[in-house]
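Visitor: This is protein.tsv (TSV, C-alpha atoms).
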```tsv
chain	number	residue	atom	x	y	z
K	1	MET	CA	-17.63	-46.82	13.89
K	2	GLY	CA	-18.31	-44.13	16.45
K	3	ILE	CA	-14.66	-44.11	17.45
K	4	ILE	CA	-13.56	-43.59	13.86
K	5	MET	CA	-15.91	-40.65	13.51
K	6	ALA	CA	-14.74	-39.20	16.81
K	7	VAL	CA	-11.10	-39.53	15.80
K	8	GLY	CA	-11.95	-37.95	12.45
K	9	ALA	CA	-13.73	-35.06	14.16
K	10	VAL	CA	-10.85	-34.44	16.56
K	11	TYR	CA	-8.34	-34.57	13.70
K	12	GLY	CA	-10.47	-32.17	11.68
K	13	TRP	CA	-10.75	-29.79	14.61
K	14	TYR	CA	-6.99	-29.96	15.20
K	15	GLN	CA	-6.23	-29.24	11.55
K	16	PHE	CA	-8.69	-26.36	11.41
K	17	ASN	CA	-7.20	-24.66	14.44
K	18	ARG	CA	-3.53	-25.40	14.07
K	19	THR	CA	-1.28	-22.38	14.03
K	20	ALA	CA	2.00	-22.11	12.18
K	21	ALA	CA	4.37	-24.64	13.72
K	22	ASP	CA	7.27	-23.28	15.69
K	23	THR	CA	10.17	-23.00	13.25
K	24	ALA	CA	12.54	-23.81	16.12
K	25	THR	CA	11.24	-27.39	16.13
K	26	LYS	CA	11.63	-27.92	12.38
K	27	SER	CA	14.80	-29.32	10.90
K	28	PRO	CA	16.12	-27.27	7.98
K	29	ASP	CA	15.70	-28.40	4.37
K	30	PHE	CA	18.81	-26.40	3.47
K	31	SER	CA	21.76	-24.96	5.33
K	32	LEU	CA	23.98	-22.33	3.68
K	33	THR	CA	25.42	-18.83	3.97
K	34	ALA	CA	23.46	-15.64	3.33
K	35	MET	CA	25.92	-14.81	0.55
K	36	GLU	CA	25.30	-18.12	-1.21
K	37	LEU	CA	21.51	-17.80	-0.91
K	38	ALA	CA	21.53	-14.22	-2.22
K	39	SER	CA	23.74	-15.22	-5.17
K	40	GLU	CA	21.42	-18.07	-6.15
K	41	PHE	CA	18.45	-15.70	-6.28
K	42	THR	CA	20.28	-13.04	-8.27
K	43	SER	CA	21.64	-15.44	-10.83
K	44	ASP	CA	18.41	-17.35	-11.45
K	45	GLU	CA	15.33	-16.26	-9.52
K	46	SER	CA	13.01	-18.86	-11.04
K	47	SER	CA	15.24	-21.81	-10.17
K	48	ALA	CA	15.89	-20.42	-6.71
K	49	ASN	CA	12.14	-20.01	-6.19
K	50	GLU	CA	11.54	-23.59	-7.21
K	51	LYS	CA	14.26	-24.79	-4.89
K	52	TYR	CA	13.63	-22.61	-1.82
K	53	LEU	CA	10.09	-21.22	-1.69
K	54	GLY	CA	8.24	-22.50	1.35
K	55	LYS	CA	11.25	-24.47	2.60
K	56	VAL	CA	12.93	-24.19	6.01
K	57	ILE	CA	16.36	-22.69	5.50
K	58	GLU	CA	19.16	-22.26	8.00
K	59	VAL	CA	21.28	-19.28	7.00
K	60	GLU	CA	24.54	-18.05	8.44
K	61	GLY	CA	25.68	-14.51	7.77
K	62	GLU	CA	27.04	-11.22	9.01
K	63	PHE	CA	24.58	-9.16	11.07
K	64	LEU	CA	24.04	-5.75	9.46
K	65	SER	CA	21.10	-4.16	11.20
K	66	GLN	CA	17.77	-4.69	12.87
K	67	GLU	CA	14.51	-2.83	12.85
K	68	SER	CA	11.43	-3.24	14.96
K	69	SER	CA	8.16	-1.76	13.86
K	70	ASP	CA	5.27	-4.22	13.87
K	71	ILE	CA	7.70	-7.11	14.05
K	72	LEU	CA	11.42	-7.59	14.50
K	73	ILE	CA	13.50	-7.80	11.35
K	74	LEU	CA	17.18	-8.74	11.18
K	75	THR	CA	19.19	-7.97	8.07
K	76	LEU	CA	22.13	-10.20	7.21
K	77	LYS	CA	24.74	-9.38	4.61
K	78	GLY	CA	24.20	-11.16	1.34
K	79	ALA	CA	25.95	-10.59	-1.97
K	80	ASP	CA	26.02	-7.66	-4.45
K	81	MET	CA	23.70	-5.37	-2.48
K	82	ILE	CA	21.13	-8.16	-2.11
K	83	ASN	CA	20.78	-8.94	1.57
K	84	LEU	CA	18.88	-11.43	3.61
K	85	ARG	CA	15.83	-10.09	5.42
K	86	ALA	CA	14.77	-12.25	8.35
K	87	GLU	CA	11.30	-11.58	9.80
K	88	MET	CA	11.65	-12.90	13.33
K	89	ALA	CA	9.02	-15.07	14.97
K	90	THR	CA	9.31	-13.21	18.28
K	91	ASN	CA	10.05	-9.62	19.20
K	92	GLN	CA	12.98	-10.43	21.46
K	93	ALA	CA	15.93	-8.59	19.97
K	94	PRO	CA	19.10	-10.65	20.12
K	95	ASP	CA	22.13	-8.86	21.49
K	96	LEU	CA	24.23	-8.55	18.34
K	97	ALA	CA	27.03	-6.21	17.31
K	98	THR	CA	27.24	-5.09	13.69
K	99	GLY	CA	29.46	-7.52	11.83
K	100	ALA	CA	28.83	-10.40	14.23
K	101	LYS	CA	28.20	-13.82	12.74
K	102	VAL	CA	24.64	-14.98	13.25
K	103	LYS	CA	22.62	-18.01	12.18
K	104	VAL	CA	18.89	-17.87	11.62
K	105	LYS	CA	16.40	-20.50	10.53
K	106	GLY	CA	13.22	-19.54	8.74
K	107	ILE	CA	10.85	-20.18	5.85
K	108	CYS	CA	11.79	-18.69	2.50
K	109	THR	CA	9.04	-16.49	1.07
K	110	GLY	CA	10.98	-15.25	-1.94
K	111	PHE	CA	12.96	-12.39	-3.39
K	112	LEU	CA	12.18	-8.67	-3.71
K	113	LEU	CA	15.22	-6.42	-3.19
K	114	ASP	CA	16.43	-8.89	-0.59
K	115	VAL	CA	15.81	-12.57	0.00
K	116	VAL	CA	13.08	-12.78	2.64
K	117	LEU	CA	12.65	-15.44	5.32
K	118	ASN	CA	9.65	-15.60	7.67
K	119	GLU	CA	9.06	-17.02	11.14
K	120	CYS	CA	12.78	-16.89	11.88
K	121	VAL	CA	14.50	-18.02	15.02
K	122	THR	CA	18.16	-17.61	15.87
K	123	VAL	CA	20.20	-20.80	15.94
K	124	ASP	CA	23.07	-21.24	18.36
V	1	MET	CA	5.00	-9.88	-20.07
V	2	LYS	CA	3.13	-7.85	-17.47
V	3	LYS	CA	5.41	-9.31	-14.81
V	4	LEU	CA	8.44	-8.12	-16.75
V	5	LEU	CA	6.90	-4.66	-17.04
V	6	THR	CA	6.39	-4.33	-13.29
V	7	ILE	CA	9.85	-5.64	-12.45
V	8	SER	CA	11.27	-3.20	-15.01
V	9	ALA	CA	9.23	-0.42	-13.45
V	10	ILE	CA	10.79	-1.16	-10.09
V	11	LEU	CA	14.29	-1.46	-11.50
V	12	LEU	CA	13.89	1.75	-13.48
V	13	LEU	CA	12.76	3.60	-10.43
V	14	LEU	CA	15.78	2.34	-8.55
V	15	GLN	CA	18.40	3.42	-11.06
V	16	VAL	CA	20.13	6.58	-10.07
V	17	GLY	CA	18.73	9.21	-12.45
V	18	LEU	CA	21.03	11.52	-14.42
V	19	MET	CA	19.32	14.50	-12.81
V	20	GLY	CA	19.95	13.05	-9.34
V	21	GLN	CA	16.24	12.53	-8.77
V	22	SER	CA	15.83	10.80	-5.48
V	23	ARG	CA	13.78	7.69	-5.25
V	24	LEU	CA	12.62	6.66	-1.84
V	25	ILE	CA	12.31	3.05	-0.77
V	26	ASP	CA	10.42	1.26	1.98
V	27	ARG	CA	11.23	-2.44	2.43
V	28	SER	CA	9.04	-2.85	5.50
V	29	GLY	CA	5.69	-1.74	4.20
V	30	SER	CA	2.66	-3.43	5.62
V	31	ALA	CA	-0.16	-4.89	3.58
V	32	LYS	CA	-3.18	-6.45	5.25
V	33	PHE	CA	-6.29	-7.89	3.83
V	34	TYR	CA	-9.53	-8.62	5.59
V	35	SER	CA	-12.77	-10.21	4.56
V	36	SER	CA	-15.70	-11.14	6.71
V	37	ALA	CA	-17.66	-14.27	5.90
V	38	PRO	CA	-20.26	-16.36	7.73
V	39	MET	CA	-17.89	-19.18	8.59
V	40	GLU	CA	-14.93	-17.15	9.63
V	41	ASP	CA	-13.25	-13.80	9.17
V	42	ILE	CA	-10.18	-14.02	6.98
V	43	GLU	CA	-7.30	-11.79	7.89
V	44	ALA	CA	-3.62	-11.79	6.91
V	45	THR	CA	-0.67	-9.42	7.22
V	46	ASN	CA	2.50	-8.97	5.19
V	47	ASN	CA	5.30	-6.95	6.85
V	48	SER	CA	7.79	-6.99	4.00
V	49	ALA	CA	5.95	-5.15	1.26
V	50	LEU	CA	8.38	-3.20	-0.89
V	51	ALA	CA	7.54	0.21	-2.29
V	52	VAL	CA	9.49	2.74	-4.31
V	53	ILE	CA	8.30	6.30	-4.87
V	54	GLU	CA	9.76	9.06	-7.01
V	55	PRO	CA	8.46	12.31	-5.49
V	56	SER	CA	9.47	14.48	-8.45
V	57	THR	CA	7.27	12.54	-10.90
V	58	GLY	CA	4.82	10.87	-8.55
V	59	LYS	CA	5.65	7.41	-9.87
V	60	VAL	CA	5.06	4.54	-7.48
V	61	ALA	CA	5.89	0.83	-7.65
V	62	VAL	CA	4.95	-1.78	-5.06
V	63	SER	CA	5.81	-5.45	-4.83
V	64	MET	CA	5.12	-8.11	-2.21
V	65	LEU	CA	5.59	-11.82	-1.73
V	66	ILE	CA	2.37	-13.85	-1.47
V	67	LYS	CA	4.02	-16.34	0.86
V	68	GLY	CA	4.79	-13.39	3.11
V	69	PHE	CA	1.14	-13.08	4.20
V	70	LYS	CA	0.72	-14.46	7.68
V	71	PHE	CA	-2.55	-15.95	8.92
V	72	ASP	CA	-3.40	-17.04	12.46
V	73	LYS	CA	-4.36	-20.47	11.26
V	74	ALA	CA	-1.82	-22.57	9.38
V	75	LEU	CA	-4.47	-24.41	7.37
V	76	MET	CA	-5.89	-21.13	6.08
V	77	GLN	CA	-2.41	-19.97	5.08
V	78	GLU	CA	-1.82	-23.24	3.23
V	79	HIS	CA	-5.14	-23.05	1.37
V	80	PHE	CA	-4.49	-19.43	0.52
V	81	ASN	CA	-1.12	-20.27	-1.02
V	82	GLU	CA	-1.81	-23.65	-2.59
V	83	ASN	CA	-5.44	-23.41	-3.76
V	84	TYR	CA	-6.38	-19.76	-4.15
V	85	MET	CA	-3.26	-17.75	-4.96
V	86	GLU	CA	-1.18	-20.63	-6.38
V	87	SER	CA	1.84	-18.79	-5.03
V	88	ASP	CA	4.39	-21.32	-6.31
V	89	GLU	CA	3.39	-20.21	-9.79
V	90	PHE	CA	2.67	-16.56	-8.95
V	91	PRO	CA	4.96	-15.68	-6.06
V	92	LYS	CA	4.34	-11.92	-6.08
V	93	ALA	CA	1.63	-9.30	-6.24
V	94	SER	CA	2.58	-5.90	-7.58
V	95	PHE	CA	1.38	-2.44	-8.44
V	96	SER	CA	2.83	0.15	-10.78
V	97	GLY	CA	1.27	3.59	-11.03
V	98	GLN	CA	1.28	7.29	-10.73
V	99	LEU	CA	-0.02	9.93	-8.37
V	100	ASN	CA	-2.72	12.01	-10.03
V	101	ASP	CA	-1.05	15.17	-8.76
V	102	SER	CA	2.59	14.70	-7.81
V	103	GLU	CA	3.11	18.36	-6.94
V	104	LEU	CA	1.22	17.75	-3.73
V	105	LEU	CA	4.19	15.73	-2.48
V	106	GLY	CA	6.34	18.85	-2.40
V	107	LYS	CA	4.45	20.45	0.47
V	108	GLU	CA	4.45	19.32	4.06
V	109	GLY	CA	1.24	18.27	5.71
V	110	LYS	CA	-1.56	15.81	5.17
V	111	VAL	CA	-3.11	15.41	1.77
V	112	GLU	CA	-5.37	12.95	-0.04
V	113	VAL	CA	-4.36	11.98	-3.55
V	114	ASN	CA	-5.57	9.32	-5.92
V	115	VAL	CA	-2.99	6.94	-7.32
V	116	SER	CA	-3.80	5.25	-10.63
V	117	GLY	CA	-2.09	2.33	-12.22
V	118	GLU	CA	-2.05	-1.40	-12.72
V	119	ILE	CA	-2.28	-4.05	-10.06
V	120	THR	CA	-1.19	-7.61	-10.79
V	121	ILE	CA	-2.39	-10.49	-8.62
V	122	HIS	CA	-2.35	-14.19	-9.48
V	123	GLY	CA	-0.94	-13.31	-12.89
V	124	VAL	CA	-3.91	-11.06	-13.77
V	125	THR	CA	-3.45	-7.32	-14.30
V	126	LYS	CA	-6.20	-4.78	-13.71
V	127	GLU	CA	-6.41	-1.00	-13.93
V	128	ILE	CA	-7.11	0.49	-10.56
V	129	THR	CA	-7.34	3.89	-8.86
V	130	ILE	CA	-6.88	3.95	-5.13
V	131	PRO	CA	-7.36	6.82	-2.67
V	132	CYS	CA	-4.21	7.48	-0.65
V	133	ARG	CA	-3.68	9.57	2.46
V	134	PHE	CA	-0.21	11.10	2.47
V	135	ASP	CA	1.43	12.64	5.50
V	136	ILE	CA	4.51	14.58	4.47
V	137	SER	CA	7.03	15.95	6.93
V	138	SER	CA	10.54	17.32	6.52
V	139	ASP	CA	12.15	13.89	6.85
V	140	MET	CA	9.47	11.41	5.88
V	141	ILE	CA	6.60	10.59	3.55
V	142	GLN	CA	3.97	8.28	5.01
V	143	VAL	CA	1.13	6.89	2.98
V	144	GLU	CA	-1.87	4.82	3.86
V	145	SER	CA	-4.59	3.45	1.65
V	146	VAL	CA	-7.66	1.32	2.19
V	147	PHE	CA	-9.40	-0.12	-0.84
V	148	ASN	CA	-11.48	-3.11	-1.93
V	149	LEU	CA	-10.65	-5.84	-4.41
V	150	THR	CA	-13.01	-8.37	-5.96
V	151	VAL	CA	-11.55	-11.86	-5.70
V	152	ALA	CA	-13.04	-13.08	-8.98
V	153	ASP	CA	-11.39	-10.24	-10.94
V	154	PHE	CA	-8.05	-12.03	-10.56
V	155	ASP	CA	-9.14	-15.49	-11.73
V	156	ILE	CA	-9.00	-16.72	-8.16
V	157	GLU	CA	-11.23	-19.73	-7.96
V	158	ILE	CA	-13.14	-20.41	-4.83
V	159	PRO	CA	-14.34	-24.02	-4.81
V	160	LYS	CA	-18.15	-24.45	-4.94
V	161	LEU	CA	-18.12	-26.12	-1.56
V	162	VAL	CA	-16.89	-23.00	0.24
V	163	ARG	CA	-18.09	-20.39	-2.21
V	164	ASN	CA	-20.80	-19.04	0.08
V	165	ASN	CA	-18.51	-19.06	3.07
V	166	ILE	CA	-15.78	-16.90	1.61
V	167	ALA	CA	-16.47	-13.26	0.88
V	168	LYS	CA	-16.28	-12.06	-2.71
V	169	GLU	CA	-14.76	-8.74	-1.75
V	170	VAL	CA	-11.60	-8.22	0.24
V	171	GLU	CA	-10.59	-5.05	2.05
V	172	VAL	CA	-6.91	-4.23	1.60
V	173	THR	CA	-4.95	-1.82	3.81
V	174	VAL	CA	-1.42	-0.72	2.92
V	175	ASN	CA	0.95	1.43	4.90
V	176	PHE	CA	4.34	2.73	3.79
V	177	LYS	CA	6.92	5.04	5.37
V	178	PHE	CA	9.65	6.56	3.20
V	179	GLN	CA	12.62	8.24	4.84
V	180	LYS	CA	13.68	11.24	2.76
V	181	ASN	CA	17.24	11.12	1.47
V	182	ASP	CA	18.24	14.72	2.12
```
Can you turn what I pasted into structure tokens?

Guide:
Amino acid sequence: MGIIMAVGAVYGWYQFNRTAADTATKSPDFSLTAMELASEFTSDESSANEKYLGKVIEVEGEFLSQESSDILILTLKGADMINLRAEMATNQAPDLATGAKVKVKGICTGFLLDVVLNECVTVD
Amino acid sequence: MKKLLTISAILLLLQVGLMGQSRLIDRSGSAKFYSSAPMEDIEATNNSALAVIEPSTGKVAVSMLIKGFKFDKALMQEHFNENYMESDEFPKASFSGQLNDSELLGKEGKVEVNVSGEITIHGVTKEITIPCRFDISSDMIQVESVFNLTVADFDIEIPKLVRNNIAKEVEVTVNFKFQKND
């Protein structure tokens, strides 16, 4: 009985304190190009939300630009002026030339002017 | 309906006006909220808040993804999304409003202006006026605002069990930087 309670307490403590899991260790729910993802959101945002919100997505696309203010953000080329905005999990800027092909994996948070992914890591 | 109005507000602001009015955009605005409570302080940051401002008219529109708020603790982030904000159903929070005196944006320097409009959170829209500190230079408009929101105003239900442990008021801080087009 005591052991069960102890296990319960440890589990509870672990759950309470757990930080966002490293996206690098998660396997993607979807794998597609930035152009395809952007097109899905522009043609039907509600369906795309239902399909992708909160899911781990691996996206391949053309590197457009990066910015680093509070965090590092990579922008990948999407479709029809809608790009893919990847908020990176670390501040280490990858060495990328404009136009280079890059693959990132992150959690889809939704669509504003671009499709946004959080906690992104680059995938080799 | 309100959601359509705010999305239309943003789209309207983004259309290139016939008079060539320039609208400025910031896709990397930051929005933080903070509330202190006996159990634990609650703090989260969003680094992809979108804002559009039209300096000639003083119109402003802001939109952000609820799932874009990052908490230190994963469990808190999950509760925030699943139980309180129901972000699968209401994925965005937005604001659409107007500077009380848009002429102030024409001059360089620091100025405090109130911005009035409608804020929509969790599907509920409220009228709000927030104090904003603008810092205008030749190439940039920066704006910062700190204001309070009452959780219950937006039909956000805090379960009885934790009701006394979660603060009823939340302090919100937003920060935007607009590069001028010219």

Visitor: When you look at region 101-114 of chain K with a cut-off of 8 Å (counting only C-alpha atoms), what residues show up, excluding the ones that are within fewer than 6 positions of it in the same chain? I need them as JSON, numbers by chain.

Guide: {"K": [23, 24, 28, 38, 41, 45, 49, 52, 53, 54, 55, 56, 57, 58, 59, 60, 61, 62, 63, 82, 83, 84, 85, 86, 120, 121, 122, 123, 124], "V": [27, 50, 63, 64, 65, 66, 67, 68, 91]}

Visitor: Using all atoms listed in the file, find all polymer residues with an atom at most 12 Å away from the point (9.0, -20.3, -16.8); report them as number ranges by chain.

Guide: K: 44-47, 49-50; V: 1, 3, 88-90

Visitor: So how many Å separate CA of Arg163 (chain V) and CA of Phe16 (chain K), to one decimal?

Guide: 17.6 Å

Visitor: Which distance in Å separates CA of Leu72 (chain K) and CA of Gly29 (chain V), to one decimal?

Guide: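 Computing it gives 13.2 Å between the two atoms.
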
Visitor: Chain K residues within 6 Å of chain V, counting all atoms listed in the file: which ones, as an NGL selection string?

Guide: :K and (17-20 or 109)

Visitor: Identify, on the basis of only C-alpha atoms, every residue whose closest approach to Glu169 (chain V) does not exceed 6 Å; exclude the query and any residue fewer than 6 positions from it along the same chain; express the result as a list in words.

Guide: Leu149, Thr150 and Val151 of chain V

Visitor: Report, in Å with one decimal, the straight-line distance from CA of Glu54 (chain V) to CA of Cys132 (chain V).

Guide: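 CA of Glu54 (chain V) sits 15.4 Å away from CA of Cys132 (chain V).
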
Visitor: Which polymer residues have any atom within 10 Å of an atom of Ser137 (chain V), counting all atoms listed in the file, with same-chain residues fewer than 2 positions away left out, as JSON, numbers by chain?

Guide: {"V": [105, 106, 107, 108, 109, 110, 134, 135, 139, 140, 141, 142, 179, 180]}

Visitor: Residues within 10 Å of Val115 (chain V), please, as a PyMOL selection string. Count all atoms listed in the file; anything in the same chain fewer than 4 positions from it doesn't count.

Guide: chain V and resi 58-60+96-102+128-132+145

Visitor: Residues near region 146-148 of chain V, anyone? I mean within 7 Å using all atoms listed in the file, not counting same-chain ones fewer than 5 positions away, as a list in words.

Guide: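 My list of contacting residues is Ile130, Glu169, Val170, Glu171, Val172, Thr173 and Val174 of chain V.
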
Visitor: Given the choices V:Asn164, V:Ser22, V:Thr125, V:Ser138, which gets closest to Thr57 (chain V) if the distance is worked out from all atoms listed in the file?

Guide: V:Ser22

Visitor: Would you kindly place all heavy atoms on region 9-20 of chain K and return the model as a PDB file, in the coordinates of the input?

Guide:
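Output file result_7.pdb follows:
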```pdb
ATOM      1  N   ALA K   9     -13.282 -36.393  13.740  1.00  0.00           N
ATOM      2  CA  ALA K   9     -13.730 -35.060  14.160  1.00  0.00           C
ATOM      3  C   ALA K   9     -12.605 -34.332  14.910  1.00  0.00           C
ATOM      4  O   ALA K   9     -12.370 -33.146  14.688  1.00  0.00           O
ATOM      5  CB  ALA K   9     -14.971 -35.159  15.022  1.00  0.00           C
ATOM      6  N   VAL K  10     -11.939 -35.056  15.785  1.00  0.00           N
ATOM      7  CA  VAL K  10     -10.850 -34.440  16.560  1.00  0.00           C
ATOM      8  C   VAL K  10      -9.731 -34.006  15.617  1.00  0.00           C
ATOM      9  O   VAL K  10      -9.190 -32.913  15.727  1.00  0.00           O
ATOM     10  CB  VAL K  10     -10.302 -35.428  17.631  1.00  0.00           C
ATOM     11  CG1 VAL K  10      -9.005 -34.910  18.223  1.00  0.00           C
ATOM     12  CG2 VAL K  10     -11.332 -35.651  18.718  1.00  0.00           C
ATOM     13  N   TYR K  11      -9.397 -34.904  14.672  1.00  0.00           N
ATOM     14  CA  TYR K  11      -8.340 -34.570  13.700  1.00  0.00           C
ATOM     15  C   TYR K  11      -8.726 -33.333  12.899  1.00  0.00           C
ATOM     16  O   TYR K  11      -7.919 -32.433  12.687  1.00  0.00           O
ATOM     17  CB  TYR K  11      -8.109 -35.760  12.778  1.00  0.00           C
ATOM     18  CG  TYR K  11      -7.078 -35.474  11.703  1.00  0.00           C
ATOM     19  CD1 TYR K  11      -5.718 -35.392  12.019  1.00  0.00           C
ATOM     20  CD2 TYR K  11      -7.463 -35.245  10.385  1.00  0.00           C
ATOM     21  CE1 TYR K  11      -4.776 -35.095  11.047  1.00  0.00           C
ATOM     22  CE2 TYR K  11      -6.526 -34.958   9.416  1.00  0.00           C
ATOM     23  CZ  TYR K  11      -5.184 -34.881   9.753  1.00  0.00           C
ATOM     24  OH  TYR K  11      -4.271 -34.582   8.790  1.00  0.00           O
ATOM     25  N   GLY K  12      -9.990 -33.309  12.462  1.00  0.00           N
ATOM     26  CA  GLY K  12     -10.470 -32.170  11.680  1.00  0.00           C
ATOM     27  C   GLY K  12     -10.382 -30.881  12.483  1.00  0.00           C
ATOM     28  O   GLY K  12      -9.944 -29.845  11.984  1.00  0.00           O
ATOM     29  N   TRP K  13     -10.783 -30.968  13.728  1.00  0.00           N
ATOM     30  CA  TRP K  13     -10.750 -29.790  14.610  1.00  0.00           C
ATOM     31  C   TRP K  13      -9.313 -29.319  14.813  1.00  0.00           C
ATOM     32  O   TRP K  13      -9.019 -28.133  14.784  1.00  0.00           O
ATOM     33  CB  TRP K  13     -11.410 -30.150  15.944  1.00  0.00           C
ATOM     34  CG  TRP K  13     -11.433 -29.020  16.917  1.00  0.00           C
ATOM     35  CD1 TRP K  13     -10.738 -28.913  18.072  1.00  0.00           C
ATOM     36  CD2 TRP K  13     -12.189 -27.803  16.797  1.00  0.00           C
ATOM     37  NE1 TRP K  13     -11.003 -27.717  18.693  1.00  0.00           N
ATOM     38  CE2 TRP K  13     -11.893 -27.017  17.938  1.00  0.00           C
ATOM     39  CE3 TRP K  13     -13.084 -27.308  15.854  1.00  0.00           C
ATOM     40  CZ2 TRP K  13     -12.464 -25.768  18.155  1.00  0.00           C
ATOM     41  CZ3 TRP K  13     -13.644 -26.056  16.081  1.00  0.00           C
ATOM     42  CH2 TRP K  13     -13.343 -25.299  17.214  1.00  0.00           C
ATOM     43  N   TYR K  14      -8.420 -30.279  15.016  1.00  0.00           N
ATOM     44  CA  TYR K  14      -6.990 -29.960  15.200  1.00  0.00           C
ATOM     45  C   TYR K  14      -6.436 -29.259  13.965  1.00  0.00           C
ATOM     46  O   TYR K  14      -5.757 -28.240  14.055  1.00  0.00           O
ATOM     47  CB  TYR K  14      -6.220 -31.232  15.521  1.00  0.00           C
ATOM     48  CG  TYR K  14      -4.745 -31.104  15.243  1.00  0.00           C
ATOM     49  CD1 TYR K  14      -3.910 -30.384  16.101  1.00  0.00           C
ATOM     50  CD2 TYR K  14      -4.177 -31.671  14.093  1.00  0.00           C
ATOM     51  CE1 TYR K  14      -2.561 -30.236  15.823  1.00  0.00           C
ATOM     52  CE2 TYR K  14      -2.828 -31.523  13.822  1.00  0.00           C
ATOM     53  CZ  TYR K  14      -2.025 -30.809  14.685  1.00  0.00           C
ATOM     54  OH  TYR K  14      -0.701 -30.659  14.395  1.00  0.00           O
ATOM     55  N   GLN K  15      -6.741 -29.809  12.798  1.00  0.00           N
ATOM     56  CA  GLN K  15      -6.230 -29.240  11.550  1.00  0.00           C
ATOM     57  C   GLN K  15      -6.751 -27.830  11.344  1.00  0.00           C
ATOM     58  O   GLN K  15      -6.025 -26.940  10.931  1.00  0.00           O
ATOM     59  CB  GLN K  15      -6.691 -30.083  10.335  1.00  0.00           C
ATOM     60  CG  GLN K  15      -5.848 -31.284  10.048  1.00  0.00           C
ATOM     61  CD  GLN K  15      -4.428 -30.927   9.637  1.00  0.00           C
ATOM     62  OE1 GLN K  15      -4.140 -29.818   9.220  1.00  0.00           O
ATOM     63  NE2 GLN K  15      -3.534 -31.880   9.755  1.00  0.00           N
ATOM     64  N   PHE K  16      -8.049 -27.650  11.631  1.00  0.00           N
ATOM     65  CA  PHE K  16      -8.690 -26.360  11.410  1.00  0.00           C
ATOM     66  C   PHE K  16      -8.051 -25.276  12.272  1.00  0.00           C
ATOM     67  O   PHE K  16      -7.890 -24.138  11.850  1.00  0.00           O
ATOM     68  CB  PHE K  16     -10.182 -26.506  11.726  1.00  0.00           C
ATOM     69  CG  PHE K  16     -10.963 -25.259  11.477  1.00  0.00           C
ATOM     70  CD1 PHE K  16     -11.224 -24.837  10.181  1.00  0.00           C
ATOM     71  CD2 PHE K  16     -11.445 -24.493  12.527  1.00  0.00           C
ATOM     72  CE1 PHE K  16     -11.942 -23.689   9.940  1.00  0.00           C
ATOM     73  CE2 PHE K  16     -12.167 -23.347  12.288  1.00  0.00           C
ATOM     74  CZ  PHE K  16     -12.421 -22.935  11.005  1.00  0.00           C
ATOM     75  N   ASN K  17      -7.688 -25.657  13.499  1.00  0.00           N
ATOM     76  CA  ASN K  17      -7.200 -24.660  14.440  1.00  0.00           C
ATOM     77  C   ASN K  17      -5.699 -24.549  14.561  1.00  0.00           C
ATOM     78  O   ASN K  17      -5.201 -23.692  15.266  1.00  0.00           O
ATOM     79  CB  ASN K  17      -7.772 -24.962  15.843  1.00  0.00           C
ATOM     80  CG  ASN K  17      -9.203 -24.513  15.936  1.00  0.00           C
ATOM     81  OD1 ASN K  17      -9.518 -23.375  15.628  1.00  0.00           O
ATOM     82  ND2 ASN K  17     -10.077 -25.427  16.313  1.00  0.00           N
ATOM     83  N   ARG K  18      -4.969 -25.386  13.867  1.00  0.00           N
ATOM     84  CA  ARG K  18      -3.530 -25.400  14.070  1.00  0.00           C
ATOM     85  C   ARG K  18      -2.898 -24.098  13.583  1.00  0.00           C
ATOM     86  O   ARG K  18      -3.241 -23.546  12.550  1.00  0.00           O
ATOM     87  CB  ARG K  18      -2.968 -26.671  13.415  1.00  0.00           C
ATOM     88  CG  ARG K  18      -1.919 -26.564  12.350  1.00  0.00           C
ATOM     89  CD  ARG K  18      -1.516 -27.945  11.863  1.00  0.00           C
ATOM     90  NE  ARG K  18      -2.158 -28.245  10.606  1.00  0.00           N
ATOM     91  CZ  ARG K  18      -1.649 -27.901   9.424  1.00  0.00           C
ATOM     92  NH1 ARG K  18      -0.514 -27.240   9.370  1.00  0.00           N
ATOM     93  NH2 ARG K  18      -2.281 -28.210   8.314  1.00  0.00           N
ATOM     94  N   THR K  19      -2.001 -23.596  14.392  1.00  0.00           N
ATOM     95  CA  THR K  19      -1.280 -22.380  14.030  1.00  0.00           C
ATOM     96  C   THR K  19       0.052 -22.768  13.420  1.00  0.00           C
ATOM     97  O   THR K  19       0.466 -23.919  13.514  1.00  0.00           O
ATOM     98  CB  THR K  19      -1.038 -21.500  15.268  1.00  0.00           C
ATOM     99  OG1 THR K  19      -0.378 -22.289  16.240  1.00  0.00           O
ATOM    100  CG2 THR K  19      -2.350 -20.980  15.833  1.00  0.00           C
ATOM    101  N   ALA K  20       0.726 -21.808  12.836  1.00  0.00           N
ATOM    102  CA  ALA K  20       2.000 -22.110  12.180  1.00  0.00           C
ATOM    103  C   ALA K  20       2.944 -22.768  13.177  1.00  0.00           C
ATOM    104  O   ALA K  20       3.138 -22.290  14.277  1.00  0.00           O
ATOM    105  CB  ALA K  20       2.615 -20.819  11.655  1.00  0.00           C
TER     106      ALA K  20
END
```
